[in-house]
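Right, one structure below, let's go through it.
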Amino acid sequence: MGIEINIPPFMQHIAGGVKTAEVEGKTVAECLAALAGQYPELKPRLFSPRGGLPRGLNLFINGESAFPGELSRPVKDGDRIHIAYVTVGG
Amino acid sequence: MKINTGRLLRVDLSTGRTAAEEIPQVFTEDFIGGRGYGIRYLYDENKPGVDPLGEENKLIMVTGPLAGNTAMAVSRWMTCTKSPLTGAWGRSVCGADFGAWLKFAGYEVIIIEGKAARPVYIHLTRDDCQVLDAGEIWGKDTRQAQEWLTGRHGSASRTACIGQAGENLVKYAAVVSGRRTAGRCGTGTVMGAKNLKAVTVTARRRLDLADPETYNRLAKEQVETIRNNPGFKSHKEWGTTSTQDITNGIGIFPVQNFRYGQLLDYQKISGEAYRKLRTGDMGCYSCAARCGKVHTVTSGVYAGAHSEGPEYESIWAFTGPIESASIEASIRADELCDDFGLDTISAGSSIGFAFELYEKGLLKKSDTDGLELTLGNHKAMVELVRKIAFREGIGNLLAEGTRRAAAAIGKGADIAAINIKGLELPAYEPRGAKSQGYNYATANIGASHCYGYAAQDIFGAPFPRPTDRFGEDYADVVIFNQNGTARNETGICCGFSGGWGWAPLFGKLLAAARGIDKFADEEYLKKVGERMWNLERAFNIREGFRRREDSVPKRMLTEPLHTREADGEGQMVRHQDAFLDSYYKLRGWTREGVPTTEKLKEIGLGFAAKDVAEQKIIK
């Protein structure tokens, strides 16, 4: 059992329609890097050119917001990471 | 500490009399303010069955207890009334500065009643209110009217007004302030029916807070939290001018009147494409997001078009329904809607309706004054915006909204009338985001994306629990979104700010503003949200609304969605009855969608229980 990453609808088509992926990692950053390893086309959506999170991306660990300091947050086997935007309207 | 309930101004346009009133503390305790005040007063003051365009329909403008202060994203304001488009409770929300200015003048609620004998405007200061002659600005667009009023009353004035669409009683006329609109539900139509051109407030900043020291400390914390939040930074950069990248990507960008979920060549209308025409940013009072993106067209047939906007809904309204990829046309159409005072969503959707009927032969060139309503013909679309505002030719029919227009045309036109309770659907396809669709179906004002936005479906938000956007088993999530939005609109908070990390401060800010400690309790705020929702529902029940009106449009129940390259091909709404049964049960309502007496009493709405129990049907 590793860490489950939930891929939001607006990225699923980039990951071949996959909604969840299992990865290994000790931090959120390692998990996202592992996800990008599985689906390289996701990388620019997960990391900005400087290696941080792209603007607007929100991360949740087991349903709780991981902000601030999302990428360095520790995770363990059985944790669930959700990638999302959180916005309303338009 | 003295409780700060805010004050109410009553303006009788029939007599010209104005009077300030205190707001009862029980109203404040039970409904907090903003939209809560709006429904509390409209429920009491409107008799069931009034004509929305008649003298007896009240128009209520509200701002919130947090408006006009140093906190960010809390100075929105609303117009509340019985909607002429739907016949139901209507509320429309707006930004810019007007909400703060109402607070500076010392009011949180303005109740406008009666009808003026000739065009008038209201001029309001902290010490005075006058009903003045609007003869010189009747017939002017909203830009011209605001310029005239500022010229007359000075730069410390802000105005909310109607354009020609409101004067001509277009059923989805908007109220405009600056270049922002209270767009939905035809609240501008009600102003026009009252011969009311504008409300102008001349005032200077002044705080009205029960505990200013605590409030200012919390506001400082809120601003620091927001400024560092990545969601805020993204919103500051883009506003909502790139949401179509997401909705097209997942097949929920409605195209050809909700027959497709993705625009051909949608890359041509991407956020980056709009960014190339961006020439500035505008924002609301005391909000650093400045998410209003200004666009200017410098060449081509729309050279000179200049708009604060379009934002996502308006981008969609003037591309998707007619399958056009002309960014320039969308900017021009958005500008015209702001000038004339039109709801872009209902306008764009009504035009898409007309295009579909033309395609099917139910409308002919002889009906459309020679305009060819063929896919991609954006020039015809732009001309139709003008015709609608002035009720010219086919515009007169389309000005009634799709439900009435379809009824007038007959011959099966109703399948193309994409509305719920008469309110045209916004830019998220229900078959590809079903919790969003069920929000539309059950929202008290009709199809509103903002009344309970399903960020779970669209953006993957995992609270209260993640959803499958094709699933129909999330009544609890729909209710969570709806009650949460109601809670936020007591503030009145900008809906975009919900994800900016400051939610735990909201209740504390309310408590400091009002001097009522229980507002800092999140569980209490949830109850207020539920209470507001149920009173709005009770208002609608009195007007004859039932389960039959809580339905997605027929198209979603009978036709499969076509998503082109995106996921979701063939999706339909298949389990609406089961959803409604679950939704009503969770709400504590009967199978017909009527709040039970027990439920109403449980949440402090015993005064509404008698009305609802008697189920007075006035239709």
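To be explicit about the labels: the chains of the structure tokens are called A, B, and onward in the order shown, and within each one the residues are counted from 1, while ligands get numbers from 1 in the order they are shown.
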Can you list, as a list in words, every protein, DNA or RNA residue that comes within 12 Å of Gly16 in chain A when you count only C-alpha atoms, leaving out same-chain residues fewer than 4 positions away? Ile7, Pro9, Phe10, Met11, Gln12, Thr20, Ala21, Gln38, Tyr39, Pro40, Glu41 and Leu42 of chain A; Ala566 and Asp567 of chain B
Tell me the residues of chain A close to chain B, meaning within 10 Å using only C-alpha atoms, as a PyMOL selection string. chain A and resi 6-14+17+19+53-65+67-68+81-90
Same residues, C-alpha atoms, saved as a short mmCIF file (atom, residue, chain, number, x, y, z; two decimals), in the first residue's frame:
```cif
data_model
loop_
_atom_site.label_atom_id
_atom_site.label_comp_id
_atom_site.auth_asym_id
_atom_site.auth_seq_id
_atom_site.Cartn_x
_atom_site.Cartn_y
_atom_site.Cartn_z
CA ASN A 6 -6.56 11.56 -6.82
CA ILE A 7 -6.24 13.23 -10.18
CA PRO A 8 -8.79 15.99 -10.79
CA PRO A 9 -11.12 15.83 -13.80
CA PHE A 10 -9.24 18.55 -15.65
CA MET A 11 -6.01 16.50 -15.59
CA GLN A 12 -7.44 13.02 -16.09
CA HIS A 13 -7.40 13.22 -19.87
CA ILE A 14 -3.68 13.98 -19.70
CA GLY A 17 -8.32 8.90 -18.19
CA LYS A 19 -8.58 9.01 -11.84
CA LEU A 53 3.42 24.29 -7.28
CA PRO A 54 1.74 26.06 -10.18
CA ARG A 55 -0.51 28.92 -9.13
CA GLY A 56 -4.06 27.93 -8.38
CA LEU A 57 -3.36 24.32 -7.56
CA ASN A 58 -4.59 23.24 -4.17
CA LEU A 59 -3.48 20.06 -2.45
CA PHE A 60 -5.32 18.12 0.23
CA ILE A 61 -4.01 15.30 2.41
CA ASN A 62 -6.75 13.01 3.70
CA GLY A 63 -9.31 15.72 2.97
CA GLU A 64 -7.50 18.50 4.82
CA SER A 65 -5.85 21.41 3.07
CA PHE A 67 -1.52 24.78 2.63
CA PRO A 68 0.96 26.26 3.48
CA ILE A 81 -3.63 13.20 -1.72
CA HIS A 82 -6.20 15.16 -3.72
CA ILE A 83 -5.12 17.62 -6.37
CA ALA A 84 -7.69 20.35 -7.01
CA TYR A 85 -8.40 23.94 -7.81
CA VAL A 86 -10.73 25.59 -5.34
CA THR A 87 -12.69 28.29 -7.03
CA VAL A 88 -16.27 29.19 -7.69
CA GLY A 89 -18.23 30.83 -10.39
CA GLY A 90 -17.15 32.65 -13.43
#
```
B:Glu113, B:Asp128, B:Asp211, B:Asp581: which is nearest Asp517 in chain B, counting only C-alpha atoms?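 Closest candidate: B:Asp211.
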Residue set, range 360-605 of chain B restricted to helix (DSSP H, G or I), as a PyMOL selection string: chain B and resi 378-389+394-398+402-409+413-416+430-432+434-442+449-451+455-459+475-488+495-499+503-514+517-520+522-542+547-549+554-558+576-587+597-602
Pick out the residues sitting within 7 Å of range 25-37 of chain A, and hand them over as a PyMOL selection string; count only C-alpha atoms, and ignore anything fewer than 2 positions along from it in its own chain. chain A and resi 23+39-40+42-43+46+70-76
Go ahead and compute the interatomic distance for CA of Gly471 in chain B and CA of Pro430 in chain B, in Å to one decimal.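 Separating CA of Gly471 in chain B from CA of Pro430 in chain B is a distance of 11.0 Å.
By only C-alpha atoms, and with residues fewer than 4 positions from range 522-533 of chain B along its chain excluded, the set lying at most 7 Å from it is Asp30, Phe31, Gly36, Asn483, Gly484, Ala486, Arg487, Gly507, Lys518, Arg537 and Ile603 of chain B.
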Keeping N, CA and C atoms, export the residues of the selection given above as a PDB file, in the first residue's frame.
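Written file, out23.pdb:
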```
ATOM      1  N   ASP B  30     -30.821  35.896  13.824  1.00  0.00           N
ATOM      2  CA  ASP B  30     -31.258  34.721  13.068  1.00  0.00           C
ATOM      3  C   ASP B  30     -30.736  34.690  11.638  1.00  0.00           C
ATOM      4  N   PHE B  31     -30.475  35.875  11.046  1.00  0.00           N
ATOM      5  CA  PHE B  31     -30.130  35.908   9.621  1.00  0.00           C
ATOM      6  C   PHE B  31     -28.829  36.648   9.318  1.00  0.00           C
ATOM      7  N   GLY B  36     -29.237  37.116   3.910  1.00  0.00           N
ATOM      8  CA  GLY B  36     -30.133  36.754   5.012  1.00  0.00           C
ATOM      9  C   GLY B  36     -31.168  37.826   5.272  1.00  0.00           C
ATOM     10  N   ASN B 483     -25.855  25.322   1.233  1.00  0.00           N
ATOM     11  CA  ASN B 483     -25.930  25.935   2.560  1.00  0.00           C
ATOM     12  C   ASN B 483     -24.678  26.766   2.838  1.00  0.00           C
ATOM     13  N   GLY B 484     -23.526  26.274   2.371  1.00  0.00           N
ATOM     14  CA  GLY B 484     -22.273  26.999   2.576  1.00  0.00           C
ATOM     15  C   GLY B 484     -22.273  28.334   1.843  1.00  0.00           C
ATOM     16  N   ALA B 486     -24.936  30.087   1.084  1.00  0.00           N
ATOM     17  CA  ALA B 486     -25.864  30.958   1.816  1.00  0.00           C
ATOM     18  C   ALA B 486     -25.163  31.568   3.031  1.00  0.00           C
ATOM     19  N   ARG B 487     -24.458  30.749   3.755  1.00  0.00           N
ATOM     20  CA  ARG B 487     -23.700  31.225   4.931  1.00  0.00           C
ATOM     21  C   ARG B 487     -22.737  32.333   4.510  1.00  0.00           C
ATOM     22  N   GLY B 507     -16.379  33.814  10.573  1.00  0.00           N
ATOM     23  CA  GLY B 507     -17.301  33.942  11.686  1.00  0.00           C
ATOM     24  C   GLY B 507     -16.802  34.924  12.738  1.00  0.00           C
ATOM     25  N   LYS B 518     -21.968  34.494  19.082  1.00  0.00           N
ATOM     26  CA  LYS B 518     -22.257  33.174  18.516  1.00  0.00           C
ATOM     27  C   LYS B 518     -21.958  33.111  17.016  1.00  0.00           C
ATOM     28  N   ARG B 537     -37.043  28.787   0.178  1.00  0.00           N
ATOM     29  CA  ARG B 537     -37.911  27.729  -0.351  1.00  0.00           C
ATOM     30  C   ARG B 537     -39.371  27.995   0.029  1.00  0.00           C
ATOM     31  N   ILE B 603     -35.740  24.894  12.807  1.00  0.00           N
ATOM     32  CA  ILE B 603     -34.709  25.869  12.423  1.00  0.00           C
ATOM     33  C   ILE B 603     -35.161  27.309  12.642  1.00  0.00           C
TER      34      ILE B 603
END
```
Please identify all polymer residues within 7 Å of Thr374 in chain B, counting only C-alpha atoms, omitting same-chain residues fewer than 2 positions from it, and present them as an MDAnalysis selection string. chainID B and resid 355 359 372 376:377
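Using only C-alpha atoms, the residues found no farther than 8 Å from range 415-421 of chain B, other than those of its own chain fewer than 6 positions away, are Thr86, Ala88, Asn257, Phe258, Ser349, Ser350, Phe353, Glu356, Leu357, Thr402, Arg403, Ala406, Tyr440, Ala441, Ile445, Gly446, Ala447, Glu549, Asp550, Ser551, Val552, Pro553, Lys554 and Arg555 of chain B.
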Prev. selection, C-alpha atoms, output as a compact mmCIF listing (two decimals), in the first residue's frame:
```txt
# COMPACT_ATOMS: atom_id res chain seq x y z
CA THR B 86 -38.98 33.10 -12.93
CA ALA B 88 -39.62 32.93 -7.75
CA ASN B 257 -27.32 25.30 -27.05
CA PHE B 258 -26.20 22.44 -24.81
CA SER B 349 -28.49 31.52 -24.10
CA SER B 350 -31.54 33.18 -25.65
CA PHE B 353 -31.94 29.17 -28.57
CA GLU B 356 -31.05 26.35 -32.91
CA LEU B 357 -34.59 27.15 -33.97
CA THR B 402 -36.28 31.18 -23.52
CA ARG B 403 -39.21 29.73 -21.58
CA ALA B 406 -40.58 28.79 -26.64
CA TYR B 440 -29.10 24.14 -10.85
CA ALA B 441 -32.27 22.08 -10.55
CA ILE B 445 -33.51 31.24 -7.87
CA GLY B 446 -33.39 28.82 -10.79
CA ALA B 447 -30.28 27.67 -12.67
CA GLU B 549 -39.98 22.77 -11.08
CA ASP B 550 -36.87 21.16 -9.58
CA SER B 551 -35.82 19.57 -12.84
CA VAL B 552 -32.91 19.80 -15.21
CA PRO B 553 -34.05 20.79 -18.73
CA LYS B 554 -35.71 18.15 -20.89
CA ARG B 555 -32.64 17.98 -23.14
```
In range 22-71 of chain A, DSSP strand (DSSP E or B) residues written as a list of chain:residue names: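 Strand (DSSP E or B) assignments inside range 22-71 of chain A correspond to A:Glu22, A:Val23, A:Thr27, A:Asn58, A:Leu59, A:Phe60, A:Ile61, A:Glu64, A:Ser65.
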Those same residues - C-alpha atoms - I'd like them written as an mmCIF file, in the first residue's frame.
```cif
data_model
loop_
_atom_site.group_PDB
_atom_site.id
_atom_site.type_symbol
_atom_site.label_atom_id
_atom_site.label_comp_id
_atom_site.auth_asym_id
_atom_site.auth_seq_id
_atom_site.Cartn_x
_atom_site.Cartn_y
_atom_site.Cartn_z
ATOM 1 C CA GLU A 22 -0.655 4.823 -6.361
ATOM 2 C CA VAL A 23 2.814 6.181 -5.664
ATOM 3 C CA THR A 27 6.692 13.917 1.122
ATOM 4 C CA ASN A 58 -4.586 23.237 -4.165
ATOM 5 C CA LEU A 59 -3.480 20.060 -2.450
ATOM 6 C CA PHE A 60 -5.316 18.124 0.230
ATOM 7 C CA ILE A 61 -4.005 15.299 2.407
ATOM 8 C CA GLU A 64 -7.499 18.501 4.821
ATOM 9 C CA SER A 65 -5.855 21.409 3.074
#
```
Could you work out how far CA of Phe340 in chain B lies from CA of Thr181 in chain B, giving the answer in Å with one decimal?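 Value for the CA of Thr181 in chain B-CA of Phe340 in chain B distance: 10.9 Å.
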At a cut-off of 9 Å, using only C-alpha atoms, what residues contact Gly139 in chain B? Leave out same-chain residues fewer than 4 positions from it and give the result as an MDAnalysis selection string. chainID B and resid 135 145 163:164 167
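Here CA of Pro84 in chain B and CA of Pro52 in chain B stand 5.0 Å from one another.
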